$ cat data_24.csv   # CSV, C-alpha atoms
chain,number,residue,atom,x,y,z
Z,1,MET,CA,99.0,177.5,69.8
Z,2,ARG,CA,97.0,180.1,68.0
Z,3,GLN,CA,96.1,180.3,64.4
Z,4,ASP,CA,95.9,183.4,62.3
Z,5,ARG,CA,92.7,183.3,60.3
Z,6,SER,CA,93.1,186.7,58.7
Z,7,GLY,CA,92.4,186.5,54.9
Z,8,THR,CA,93.3,190.1,54.1
Z,9,ALA,CA,97.1,190.3,54.4
Z,10,PRO,CA,99.2,189.4,51.4
Z,11,GLU,CA,100.4,185.9,51.5
Z,12,ALA,CA,104.1,186.8,51.8
Z,13,ALA,CA,103.4,189.1,54.8
Z,14,ARG,CA,101.2,186.6,56.7
Z,15,GLY,CA,103.6,183.7,56.4
Z,16,ALA,CA,104.7,182.6,59.9
Z,17,PHE,CA,107.9,180.9,58.9
Z,18,PRO,CA,111.3,182.7,58.9
Z,19,ASP,CA,113.4,182.5,55.7
Z,20,ALA,CA,115.7,179.9,57.2
Z,21,LEU,CA,114.3,176.6,58.5
Z,22,PRO,CA,117.4,174.9,59.8
Z,23,ALA,CA,115.6,172.0,61.4
Z,24,LEU,CA,114.4,170.8,58.0
Z,25,THR,CA,118.0,170.8,56.8
Z,26,SER,CA,119.3,168.8,59.8
Z,27,VAL,CA,116.6,166.2,59.7
Z,28,ARG,CA,117.6,165.3,56.2
Z,29,PHE,CA,120.7,163.5,57.5
Z,30,LEU,CA,118.6,161.4,59.9
Z,31,LEU,CA,116.2,160.5,57.0
Z,32,ALA,CA,119.1,159.6,54.7
Z,33,LEU,CA,120.8,157.6,57.5
Z,34,GLY,CA,117.5,155.7,58.0
Z,35,VAL,CA,117.4,154.7,54.4
Z,36,VAL,CA,121.0,153.6,54.5
Z,37,LEU,CA,120.3,151.4,57.6
Z,38,PHE,CA,117.3,150.0,55.9
Z,39,HIS,CA,119.3,148.8,52.9
Z,40,TYR,CA,122.2,147.6,55.1
Z,41,GLN,CA,120.0,145.6,57.4
Z,42,LEU,CA,119.0,143.5,54.4
Z,43,GLN,CA,122.6,142.6,54.1
Z,44,TRP,CA,123.7,142.1,57.7
Z,45,SER,CA,123.8,138.9,59.7
Z,46,TRP,CA,121.4,139.5,62.6
Z,47,ASN,CA,117.7,139.8,62.6
Z,48,ALA,CA,116.9,143.3,63.9
Z,49,SER,CA,113.3,143.1,62.8
Z,50,ALA,CA,112.7,140.5,65.5
Z,51,TRP,CA,112.8,143.2,68.1
Z,52,THR,CA,112.0,146.4,66.3
Z,53,GLY,CA,110.5,147.7,63.1
Z,54,LEU,CA,112.6,150.8,63.1
Z,55,PHE,CA,115.1,149.6,60.5
Z,56,ASN,CA,112.4,148.2,58.2
Z,57,ARG,CA,110.1,151.2,58.4
Z,58,ALA,CA,113.1,153.6,57.9
Z,59,GLN,CA,112.7,152.9,54.2
Z,60,TYR,CA,109.8,155.4,54.3
Z,61,GLY,CA,112.3,158.2,54.8
Z,62,VAL,CA,112.0,158.4,51.0
Z,63,ASP,CA,108.3,159.4,51.5
Z,64,ILE,CA,109.2,161.9,54.1
Z,65,PHE,CA,111.7,163.4,51.6
Z,66,PHE,CA,108.8,163.7,49.1
Z,67,ILE,CA,106.6,165.5,51.6
Z,68,LEU,CA,109.5,167.7,52.6
Z,69,SER,CA,110.0,168.7,49.0
Z,70,GLY,CA,106.5,170.0,48.6
Z,71,PHE,CA,106.8,171.9,51.9
Z,72,VAL,CA,110.3,173.4,51.3
Z,73,LEU,CA,109.8,174.4,47.7
Z,74,THR,CA,106.5,176.1,48.5
Z,75,HIS,CA,108.4,178.0,51.2
Z,76,ALA,CA,111.4,178.8,49.0
Z,77,TYR,CA,109.3,180.2,46.2
Z,78,ARG,CA,106.5,181.7,48.3
Z,79,GLN,CA,107.0,185.3,47.1
Z,80,PRO,CA,107.1,184.7,43.3
Z,81,LEU,CA,104.2,182.2,43.7
Z,82,ALA,CA,102.1,184.8,45.6
Z,83,GLU,CA,102.9,187.5,43.0
Z,84,GLY,CA,102.6,185.2,40.0
Z,85,THR,CA,106.2,185.9,38.9
Z,86,LEU,CA,107.7,182.4,39.2
Z,87,ASP,CA,110.3,182.0,36.5
Z,88,TYR,CA,109.9,178.4,35.5
Z,89,ARG,CA,113.1,178.3,33.5
Z,90,ARG,CA,115.1,179.5,36.4
Z,91,PHE,CA,113.3,177.1,38.7
Z,92,LEU,CA,114.2,174.1,36.6
Z,93,VAL,CA,117.8,175.2,36.2
Z,94,ALA,CA,118.1,175.5,40.0
Z,95,ARG,CA,116.6,172.0,40.4
Z,96,ILE,CA,119.0,170.6,37.8
Z,97,ALA,CA,121.9,172.2,39.6
Z,98,ARG,CA,120.7,170.6,42.8
Z,99,ILE,CA,120.2,167.0,41.7
Z,100,TYR,CA,122.2,166.3,38.5
Z,101,PRO,CA,125.9,166.9,39.3
Z,102,THR,CA,126.1,164.4,42.2
Z,103,HIS,CA,123.7,162.0,40.4
Z,104,LEU,CA,126.0,161.9,37.4
Z,105,LEU,CA,129.1,161.7,39.5
Z,106,VAL,CA,127.9,158.7,41.4
Z,107,LEU,CA,126.6,157.1,38.2
Z,108,ALA,CA,130.1,157.5,36.7
Z,109,PHE,CA,131.5,155.8,39.8
Z,110,VAL,CA,129.1,152.9,39.2
Z,111,LEU,CA,130.2,152.7,35.5
Z,112,VAL,CA,133.8,152.5,36.6
Z,113,MET,CA,132.9,149.7,39.1
Z,114,VAL,CA,131.0,147.7,36.4
Z,115,GLY,CA,133.9,148.2,34.0
Z,116,LEU,CA,136.5,146.9,36.6
Z,117,ALA,CA,134.2,144.0,37.5
Z,118,ILE,CA,134.1,142.9,33.8
Z,119,LEU,CA,137.9,143.3,33.5
Z,120,VAL,CA,138.7,141.1,36.5
Z,121,GLY,CA,136.0,138.6,35.6
Z,122,ALA,CA,133.9,139.2,38.8
Z,123,GLU,CA,130.6,137.4,38.9
Z,124,PHE,CA,127.6,139.8,38.9
Z,125,ASP,CA,124.2,140.0,37.3
Z,126,ARG,CA,125.0,141.9,34.1
Z,127,GLY,CA,121.3,142.1,33.3
Z,128,LEU,CA,121.0,144.8,35.9
Z,129,TYR,CA,123.4,147.0,34.1
Z,130,ASN,CA,122.0,147.3,30.6
Z,131,PRO,CA,122.2,150.3,28.2
Z,132,LEU,CA,118.5,151.0,28.2
Z,133,GLY,CA,118.5,151.2,32.0
Z,134,LEU,CA,121.5,153.4,31.9
Z,135,ALA,CA,119.8,155.8,29.5
Z,136,ALA,CA,116.7,156.0,31.6
Z,137,THR,CA,118.8,156.6,34.7
Z,138,VAL,CA,120.8,159.4,33.1
Z,139,LEU,CA,117.5,161.1,32.0
Z,140,LEU,CA,115.8,160.3,35.3
Z,141,VAL,CA,112.7,158.8,33.7
Z,142,GLN,CA,112.9,155.3,35.1
Z,143,ALA,CA,110.1,155.8,37.5
Z,144,TRP,CA,107.6,157.4,35.1
Z,145,LEU,CA,106.2,154.3,33.5
Z,146,PRO,CA,105.4,150.7,34.3
Z,147,GLN,CA,108.7,148.9,34.4
Z,148,THR,CA,109.3,147.0,31.2
Z,149,PHE,CA,113.1,146.8,31.6
Z,150,VAL,CA,115.6,146.9,34.5
Z,151,ALA,CA,117.0,150.3,35.4
Z,152,ASP,CA,119.0,149.5,38.5
Z,153,TRP,CA,122.4,151.2,37.9
Z,154,ASN,CA,121.9,153.0,41.2
Z,155,GLY,CA,118.8,151.8,43.0
Z,156,PRO,CA,118.1,154.9,45.1
Z,157,SER,CA,118.0,157.1,42.0
Z,158,TRP,CA,114.5,156.0,41.2
Z,159,SER,CA,113.4,158.6,43.7
Z,160,LEU,CA,115.3,161.3,41.8
Z,161,SER,CA,113.2,160.3,38.8
Z,162,ALA,CA,110.0,160.8,40.8
Z,163,GLU,CA,111.4,164.2,42.2
Z,164,TRP,CA,112.2,165.3,38.6
Z,165,PHE,CA,108.6,164.6,37.6
Z,166,ALA,CA,107.4,166.7,40.5
Z,167,TYR,CA,109.7,169.6,39.6
Z,168,LEU,CA,108.5,169.5,36.0
Z,169,ALA,CA,104.9,169.6,37.3
Z,170,PHE,CA,105.6,172.2,40.0
Z,171,PRO,CA,103.6,175.0,38.4
Z,172,ALA,CA,100.5,172.8,38.5
Z,173,PHE,CA,101.2,171.7,42.1
Z,174,ALA,CA,102.0,175.3,43.1
Z,175,TRP,CA,98.8,176.7,41.4
Z,176,ILE,CA,96.7,174.4,43.5
Z,177,GLY,CA,98.6,175.4,46.6
Z,178,VAL,CA,98.1,179.1,45.9
Z,179,ALA,CA,94.4,178.7,45.0
Z,180,LEU,CA,93.8,176.9,48.3
Z,181,ALA,CA,96.3,178.8,50.4
Z,182,GLN,CA,93.7,180.0,52.8
Z,183,ARG,CA,91.9,176.7,52.9
Z,184,PRO,CA,94.7,174.3,54.0
Z,185,TRP,CA,92.3,171.7,55.2
Z,186,ARG,CA,90.9,171.4,51.7
Z,187,LEU,CA,94.5,170.9,50.4
Z,188,LEU,CA,94.9,168.2,53.0
Z,189,SER,CA,91.7,166.6,51.8
Z,190,LEU,CA,92.9,166.8,48.2
Z,191,SER,CA,96.2,165.1,49.1
Z,192,ALA,CA,94.2,162.3,50.7
Z,193,LEU,CA,92.0,161.9,47.7
Z,194,VAL,CA,95.0,161.8,45.3
Z,195,PHE,CA,96.6,159.2,47.6
Z,196,VAL,CA,93.4,157.0,47.6
Z,197,GLY,CA,93.3,157.2,43.8
Z,198,ALA,CA,97.0,156.3,43.5
Z,199,GLU,CA,96.6,153.5,46.1
Z,200,LEU,CA,93.7,151.9,44.3
Z,201,SER,CA,95.4,152.2,40.9
Z,202,TYR,CA,98.6,150.7,42.1
Z,203,GLN,CA,96.8,147.9,44.0
Z,204,ALA,CA,94.9,147.1,40.9
Z,205,MET,CA,97.9,147.1,38.6
Z,206,PHE,CA,100.6,145.5,40.9
Z,207,GLY,CA,98.9,144.2,44.0
Z,208,GLN,CA,101.0,146.4,46.3
Z,209,THR,CA,100.5,149.5,48.3
Z,210,VAL,CA,101.6,152.7,46.5
Z,211,VAL,CA,104.2,153.4,49.1
Z,212,HIS,CA,106.1,150.5,47.7
Z,213,ALA,CA,106.2,152.0,44.2
Z,214,GLN,CA,109.7,152.6,43.1
Z,215,ALA,CA,111.1,152.3,39.5
Z,216,ASN,CA,107.7,150.8,38.7
Z,217,LEU,CA,105.5,153.9,38.4
Z,218,GLY,CA,107.1,155.7,41.3
Z,219,VAL,CA,105.5,158.9,40.2
Z,220,LEU,CA,102.3,157.7,41.7
Z,221,ARG,CA,104.0,157.7,45.1
Z,222,ILE,CA,105.3,161.2,45.0
Z,223,ALA,CA,102.2,163.0,43.7
Z,224,PRO,CA,100.0,162.8,46.9
Z,225,GLU,CA,103.0,163.2,49.2
Z,226,PHE,CA,104.2,166.4,47.4
Z,227,ILE,CA,100.7,167.9,47.7
Z,228,TYR,CA,100.7,166.8,51.4
Z,229,GLY,CA,103.8,168.8,51.9
Z,230,ILE,CA,102.3,171.9,50.2
Z,231,ALA,CA,99.2,171.5,52.4
Z,232,LEU,CA,101.2,171.3,55.6
Z,233,TYR,CA,103.1,174.4,54.7
Z,234,ARG,CA,99.9,176.4,54.1
Z,235,LEU,CA,98.5,175.1,57.3
Z,236,GLY,CA,101.6,176.1,59.2
Z,237,GLN,CA,101.5,179.7,57.8
Z,238,GLY,CA,98.6,180.4,60.2
Z,239,LEU,CA,100.3,179.0,63.3
Z,240,ARG,CA,101.8,181.2,66.0
Z,241,PRO,CA,103.1,178.7,68.6
Z,242,THR,CA,104.9,179.6,71.8
Z,243,ARG,CA,108.3,178.1,72.4
Z,244,VAL,CA,106.8,175.5,74.8
Z,245,GLN,CA,104.1,174.6,72.4
Z,246,ALA,CA,106.5,174.2,69.6
Z,247,LEU,CA,108.8,171.9,71.6
Z,248,ALA,CA,105.9,169.9,72.8
Z,249,ALA,CA,104.6,169.4,69.3
Z,250,GLY,CA,108.0,168.4,68.1
Z,251,TRP,CA,108.5,165.8,70.8
Z,252,LEU,CA,105.0,164.4,70.6
Z,253,SER,CA,105.0,164.1,66.8
Z,254,ALA,CA,108.5,162.5,66.6
Z,255,THR,CA,107.7,160.1,69.5
Z,256,THR,CA,104.4,159.1,67.8
Z,257,LEU,CA,106.2,158.4,64.5
Z,258,LEU,CA,109.0,156.4,66.1
Z,259,LEU,CA,106.5,154.3,68.1
Z,260,LEU,CA,104.5,153.5,64.9
Z,261,MET,CA,107.8,152.5,63.2
Z,262,HIS,CA,108.9,150.4,66.2
Z,263,PHE,CA,105.7,148.5,66.4
Z,264,LYS,CA,105.6,147.9,62.7
Z,265,ALA,CA,102.4,149.9,62.0
Z,266,ASP,CA,100.9,149.9,58.5
Z,267,ASP,CA,103.3,151.6,56.1
Z,268,ARG,CA,100.6,154.1,55.0
Z,269,LEU,CA,100.0,155.2,58.6
Z,270,VAL,CA,103.8,155.7,59.1
Z,271,VAL,CA,103.8,158.0,56.1
Z,272,LEU,CA,100.8,159.9,57.3
Z,273,ALA,CA,102.3,160.4,60.7
Z,274,ALA,CA,105.5,161.9,59.2
Z,275,GLY,CA,103.6,165.0,58.1
Z,276,PRO,CA,103.1,166.4,61.6
Z,277,VAL,CA,106.8,165.8,62.3
Z,278,ILE,CA,107.8,168.0,59.3
Z,279,LEU,CA,105.3,170.7,60.3
Z,280,ALA,CA,106.5,170.6,64.0
Z,281,LEU,CA,110.1,170.9,62.9
Z,282,ALA,CA,109.3,174.0,60.9
Z,283,VAL,CA,107.4,175.7,63.6
Z,284,LEU,CA,110.4,175.2,65.9
Z,285,SER,CA,111.9,178.0,63.8
Z,286,THR,CA,108.8,180.1,64.1
Z,287,ALA,CA,109.0,179.9,67.9
Z,288,ARG,CA,112.9,180.2,67.9
Z,289,ALA,CA,113.1,176.8,69.6
Z,290,ASP,CA,115.4,175.1,67.0
Z,291,ARG,CA,118.7,175.7,68.6
Z,292,LEU,CA,119.7,172.0,68.8
Z,293,LEU,CA,118.8,171.4,65.2
Z,294,SER,CA,120.6,174.6,64.1
Z,295,HIS,CA,124.0,173.3,65.4
Z,296,PRO,CA,126.6,173.7,62.6
Z,297,TRP,CA,127.5,170.0,62.6
Z,298,MET,CA,123.8,169.1,62.2
Z,299,LEU,CA,123.5,171.5,59.3
Z,300,VAL,CA,126.7,170.2,57.7
Z,301,ALA,CA,125.4,166.6,58.0
Z,302,GLY,CA,122.0,167.6,56.6
Z,303,GLU,CA,123.6,169.3,53.6
Z,304,ALA,CA,125.7,166.2,52.8
Z,305,SER,CA,122.6,163.9,53.1
Z,306,TYR,CA,121.9,163.9,49.4
Z,307,ALA,CA,125.4,162.6,48.5
Z,308,LEU,CA,125.0,160.0,51.3
Z,309,TYR,CA,121.7,158.9,50.0
Z,310,LEU,CA,123.0,158.4,46.4
Z,311,LEU,CA,126.4,156.9,47.4
Z,312,HIS,CA,125.6,154.3,50.0
Z,313,MET,CA,124.5,151.5,47.7
Z,314,PRO,CA,127.4,151.7,45.3
Z,315,VAL,CA,129.8,151.7,48.3
Z,316,LEU,CA,128.0,148.6,49.7
Z,317,ILE,CA,128.1,146.8,46.3
Z,318,GLY,CA,131.7,147.8,45.8
Z,319,TRP,CA,132.8,146.6,49.3
Z,320,LYS,CA,131.1,143.2,48.9
Z,321,GLY,CA,132.6,142.8,45.4
Z,322,VAL,CA,136.1,143.5,46.6
Z,323,VAL,CA,135.7,141.2,49.6
Z,324,SER,CA,134.3,138.5,47.2
Z,325,ILE,CA,137.4,138.8,44.9
Z,326,LEU,CA,139.9,138.8,47.8
Z,327,THR,CA,138.4,135.9,49.8
Z,328,GLY,CA,136.6,133.8,47.1
Z,329,ARG,CA,133.3,134.1,48.9
Z,330,SER,CA,130.1,134.8,47.1
Z,331,SER,CA,129.1,138.4,47.1
Z,332,THR,CA,125.8,137.5,48.6
Z,333,TYR,CA,127.5,136.9,52.0
Z,334,LEU,CA,126.0,138.6,55.0
Z,335,LEU,CA,127.9,141.5,56.6
Z,336,GLY,CA,129.4,141.4,60.0
Z,337,ALA,CA,128.9,144.3,62.5
Z,338,TRP,CA,132.4,145.6,62.0
Z,339,GLU,CA,131.7,145.8,58.2
Z,340,VAL,CA,128.5,147.7,58.7
Z,341,ALA,CA,130.3,150.2,61.0
Z,342,CYS,CA,133.1,150.6,58.3
Z,343,LEU,CA,130.5,151.1,55.6
Z,344,LEU,CA,128.7,153.8,57.6
Z,345,VAL,CA,131.9,155.7,58.3
Z,346,LEU,CA,133.2,155.3,54.7
Z,347,SER,CA,129.8,156.4,53.1
Z,348,THR,CA,129.4,159.4,55.4
Z,349,ALA,CA,133.0,160.5,55.0
Z,350,ALA,CA,132.8,160.2,51.2
Z,351,ALA,CA,129.4,162.1,51.2
Z,352,LEU,CA,130.9,165.0,53.2
Z,353,ILE,CA,133.9,165.2,50.8
Z,354,ILE,CA,131.7,165.0,47.7
Z,355,HIS,CA,129.3,167.7,49.1
Z,356,HIS,CA,132.0,170.2,50.0
Z,357,ARG,CA,134.5,169.5,47.2
Z,358,PHE,CA,132.1,168.9,44.3
Z,359,GLU,CA,128.4,169.2,44.9
Z,360,ALA,CA,128.2,172.6,46.5
Z,361,PRO,CA,130.9,174.3,44.3
Z,362,VAL,CA,129.3,172.9,41.1
Z,363,ARG,CA,125.8,173.9,42.2
Z,364,GLY,CA,127.0,177.4,43.0
Z,365,LYS,CA,128.8,177.8,39.7
Z,366,LEU,CA,125.7,176.7,37.7
Z,367,ARG,CA,123.5,179.1,39.6
Z,368,ARG,CA,125.9,182.0,39.0
Z,369,GLU,CA,125.9,181.2,35.3
Z,370,THR,CA,122.1,181.2,35.5
Z,371,ASP,CA,122.1,184.6,37.1
Z,372,ARG,CA,124.5,185.9,34.4
Z,373,LEU,CA,122.5,184.5,31.5
Z,374,TRP,CA,119.0,185.2,32.9
Z,375,PRO,CA,119.1,188.0,35.5
Z,376,ALA,CA,115.8,188.3,37.3
Z,377,SER,CA,114.8,190.1,40.4
Z,378,VAL,CA,112.7,187.2,41.6
Z,379,ALA,CA,115.8,185.1,42.1
Z,380,ARG,CA,116.4,186.7,45.5
Z,381,HIS,CA,113.3,185.0,46.8
Z,382,ALA,CA,114.7,181.6,46.3
Z,383,LYS,CA,118.3,182.3,47.4
Z,384,ALA,CA,117.5,183.1,51.0
Z,385,THR,CA,116.0,179.7,51.8
Z,386,SER,CA,118.2,177.3,50.0
Z,387,PRO,CA,115.5,175.0,48.8
Z,388,ASP,CA,117.5,171.8,48.7
Z,389,SER,CA,115.5,168.6,48.5
Z,390,HIS,CA,115.8,164.9,47.6

$ encode --input "data_24.csv" --output "structure tokens"
Amino acid sequence: MRQDRSGTAPEAARGAFPDALPALTSVRFLLALGVVLFHYQLQWSWNASAWTGLFNRAQYGVDIFFILSGFVLTHAYRQPLAEGTLDYRRFLVARIARIYPTHLLVLAFVLVMVGLAILVGAEFDRGLYNPLGLAATVLLVQAWLPQTFVADWNGPSWSLSAEWFAYLAFPAFAWIGVALAQRPWRLLSLSALVFVGAELSYQAMFGQTVVHAQANLGVLRIAPEFIYGIALYRLGQGLRPTRVQALAAGWLSATTLLLLMHFKADDRLVVLAAGPVILALAVLSTARADRLLSHPWMLVAGEASYALYLLHMPVLIGWKGVVSILTGRSSTYLLGAWEVACLLVLSTAAALIIHHRFEAPVRGKLRRETDRLWPASVARHAKATSPDSH
């Protein structure tokens, strides 16, 4: 694999990556499915962790999404960033169009479930569903501060709060990425320094590693990982792999990550090892070796992964609530294998329907309205790459 060290070509011209990076879309489904299985294994009746750490370590799919966000957004907006023409207002509208419609739809579903549970007199912890937590969840600020109240209307949405923070701070992140575009190893070092600072701070405050930060200052978790993604993108711009090299890098990095997960390696090491996987998947497109991950069904699943990520916990809670009412069992009962299979099918089918019937149409409409209200030539740079991220 050879690296282009030329510092004279304009950034947009020297970028190695094609506009479309389908492997990074397809892998989203696998990451979302991993998070789903992590949550479901906490509820099923067999001890999978006795023979593998894959299900437990799959929770760090969230961290991979954060790294992926830094990588993909830098790619999607590479031209306006290089030219200094990024329209921040249009950027934020595009991000709102990406995350908010499905977030609000699923939150409305949770509100209906809570209302029905109250009407039928179902037993549940009402303290989890409080007005202050609802307001914070709607505004996506529940992961910005130390947790002083419960905001658990939809547990996975804490990561949207962290993402929203990164979107608001994107000009600062992007400026660092542009300033060090030709020094990607310095960017990697910076991400490591930010991670160490976040880790030490979180350990001092809460006695946990920062990769366990969620609603309790989850923004500390995304900051170094977002920069890590930007650094990997800048590093990858100089790579010109052959097809064989790209495939070898992909298999080696993925195998390494899976082995670390299986053998229950330190969670921080798992997150670190995820970076080369993202870079390797991207260079598959550079080397035109991404045919498998470009399959239409893989892309469809990847596009629906956001809805799956947000929907799977309300589906689980609703399922157990209904079973509890019908059978008289406590809703804390453990799931059987057939129930897990049904939940996976139900959640995936619902996610596909939501994406195609609601998420994609609403997002498209919002972006068309943006184009009508604020026409800008730089918009074309973001459209070609579909910068969808969790």

$ atom_distance --input "data_24.csv" --atom1 "atom CA of Z:Phe91" --atom2 "atom CA of Z:Ala169"
11.3 Å

$ residues_around --input "data_24.csv" --residues "Z:Ala223" --least-positions-apart "2" --cutoff "12 Å" --atoms "only C-alpha atoms" --output "NGL selection string"
:Z and (63 or 66-67 or 69-70 or 144 or 162-170 or 172-173 or 190-199 or 210-211 or 213 or 217-221 or 225-230)

$ residues_around --input "data_24.csv" --residues "Z:Arg368" --least-positions-apart "5" --cutoff "12 Å" --atoms "all atoms listed in the file" --output "list in words"
Arg90, Val93, Ala94, Ala97, Pro361, Val362, Arg363, Leu373, Trp374, Pro375, Ala379 and Lys383 of chain Z

$ atom_distance --input "data_24.csv" --atom1 "atom CA of Z:Gly236" --atom2 "atom CA of Z:Pro184"
8.8 Å

$ closest_residue --input "data_24.csv" --among "Z:Arg288, Z:Arg234, Z:Arg372, Z:Arg240" --to "Z:Thr74" --atoms "only C-alpha atoms"
Z:Arg234

$ closest_residue --input "data_24.csv" --among "Z:Val27, Z:Leu86, Z:Leu326, Z:Leu310" --to "Z:Val106" --atoms "all atoms listed in the file"
Z:Leu310

$ closest_residue --input "data_24.csv" --among "Z:Ala82, Z:Ala181, Z:Ala307, Z:Ala341" --to "Z:Arg357" --atoms "only C-alpha atoms"
Z:Ala307

$ residues_around --input "data_24.csv" --residues "Z:Thr242" --least-positions-apart "2" --cutoff "8 Å" --atoms "only C-alpha atoms" --output "PyMOL selection string"
chain Z and resi 1+240+244-246+287

$ closest_residue --input "data_24.csv" --among "Z:Ile118, Z:Ala58, Z:Val110, Z:Leu188" --to "Z:Tyr233" --atoms "only C-alpha atoms"
Z:Leu188

$ atom_distance --input "data_24.csv" --atom1 "atom CA of Z:Ala151" --atom2 "atom CA of Z:Arg126"
11.7 Å

$ residues_near_point --input "data_24.csv" --point "(132.5, 139.8, 38.6)" --cutoff "12 Å" --atoms "all atoms listed in the file" --output "compact mmCIF listing (two decimals) with C-alpha atoms, in the frame of the given file"
# COMPACT_ATOMS: atom_id res chain seq x y z
CA MET Z 113 132.90 149.70 39.10
CA VAL Z 114 131.00 147.70 36.40
CA GLY Z 115 133.90 148.20 34.00
CA LEU Z 116 136.50 146.90 36.60
CA ALA Z 117 134.20 144.00 37.50
CA ILE Z 118 134.10 142.90 33.80
CA LEU Z 119 137.90 143.30 33.50
CA VAL Z 120 138.70 141.10 36.50
CA GLY Z 121 136.00 138.60 35.60
CA ALA Z 122 133.90 139.20 38.80
CA GLU Z 123 130.60 137.40 38.90
CA PHE Z 124 127.60 139.80 38.90
CA ASP Z 125 124.20 140.00 37.30
CA ARG Z 126 125.00 141.90 34.10
CA ILE Z 317 128.10 146.80 46.30
CA GLY Z 318 131.70 147.80 45.80
CA LYS Z 320 131.10 143.20 48.90
CA GLY Z 321 132.60 142.80 45.40
CA VAL Z 322 136.10 143.50 46.60
CA VAL Z 323 135.70 141.20 49.60
CA SER Z 324 134.30 138.50 47.20
CA ILE Z 325 137.40 138.80 44.90
CA LEU Z 326 139.90 138.80 47.80
CA GLY Z 328 136.60 133.80 47.10
CA ARG Z 329 133.30 134.10 48.90
CA SER Z 330 130.10 134.80 47.10
CA SER Z 331 129.10 138.40 47.10

$ closest_residue --input "data_24.csv" --among "Z:Ile64, Z:Val138, Z:Leu269, Z:Leu160" --to "Z:Arg28" --atoms "only C-alpha atoms"
Z:Ile64

$ closest_residue --input "data_24.csv" --among "Z:Val112, Z:Ala304, Z:Ala248, Z:Val271" --to "Z:Leu352" --atoms "all atoms listed in the file"
Z:Ala304

$ residues_around --input "data_24.csv" --residues "Z:Pro296" --least-positions-apart "3" --cutoff "12 Å" --atoms "all atoms listed in the file" --output "PDB file with C-alpha atoms, in the coordinates of the input"
ATOM      1  CA  PRO Z  22     117.400 174.900  59.800  1.00  0.00           C
ATOM      2  CA  ALA Z  23     115.600 172.000  61.400  1.00  0.00           C
ATOM      3  CA  THR Z  25     118.000 170.800  56.800  1.00  0.00           C
ATOM      4  CA  SER Z  26     119.300 168.800  59.800  1.00  0.00           C
ATOM      5  CA  ARG Z 291     118.700 175.700  68.600  1.00  0.00           C
ATOM      6  CA  LEU Z 292     119.700 172.000  68.800  1.00  0.00           C
ATOM      7  CA  LEU Z 293     118.800 171.400  65.200  1.00  0.00           C
ATOM      8  CA  LEU Z 299     123.500 171.500  59.300  1.00  0.00           C
ATOM      9  CA  VAL Z 300     126.700 170.200  57.700  1.00  0.00           C
ATOM     10  CA  ALA Z 301     125.400 166.600  58.000  1.00  0.00           C
ATOM     11  CA  GLY Z 302     122.000 167.600  56.600  1.00  0.00           C
ATOM     12  CA  GLU Z 303     123.600 169.300  53.600  1.00  0.00           C
TER      13      GLU Z 303
END

$ residues_around --input "data_24.csv" --residues "Z:Ala349" --least-positions-apart "5" --cutoff "9 Å" --atoms "all atoms listed in the file" --output "PyMOL selection string"
chain Z and resi 308+344+354

$ write_last_selection --input "data_24.csv" --atoms "C-alpha atoms" --output "CSV table (one decimal), in the frame of the given file"
chain,number,residue,atom,x,y,z
Z,308,LEU,CA,125.0,160.0,51.3
Z,344,LEU,CA,128.7,153.8,57.6
Z,354,ILE,CA,131.7,165.0,47.7
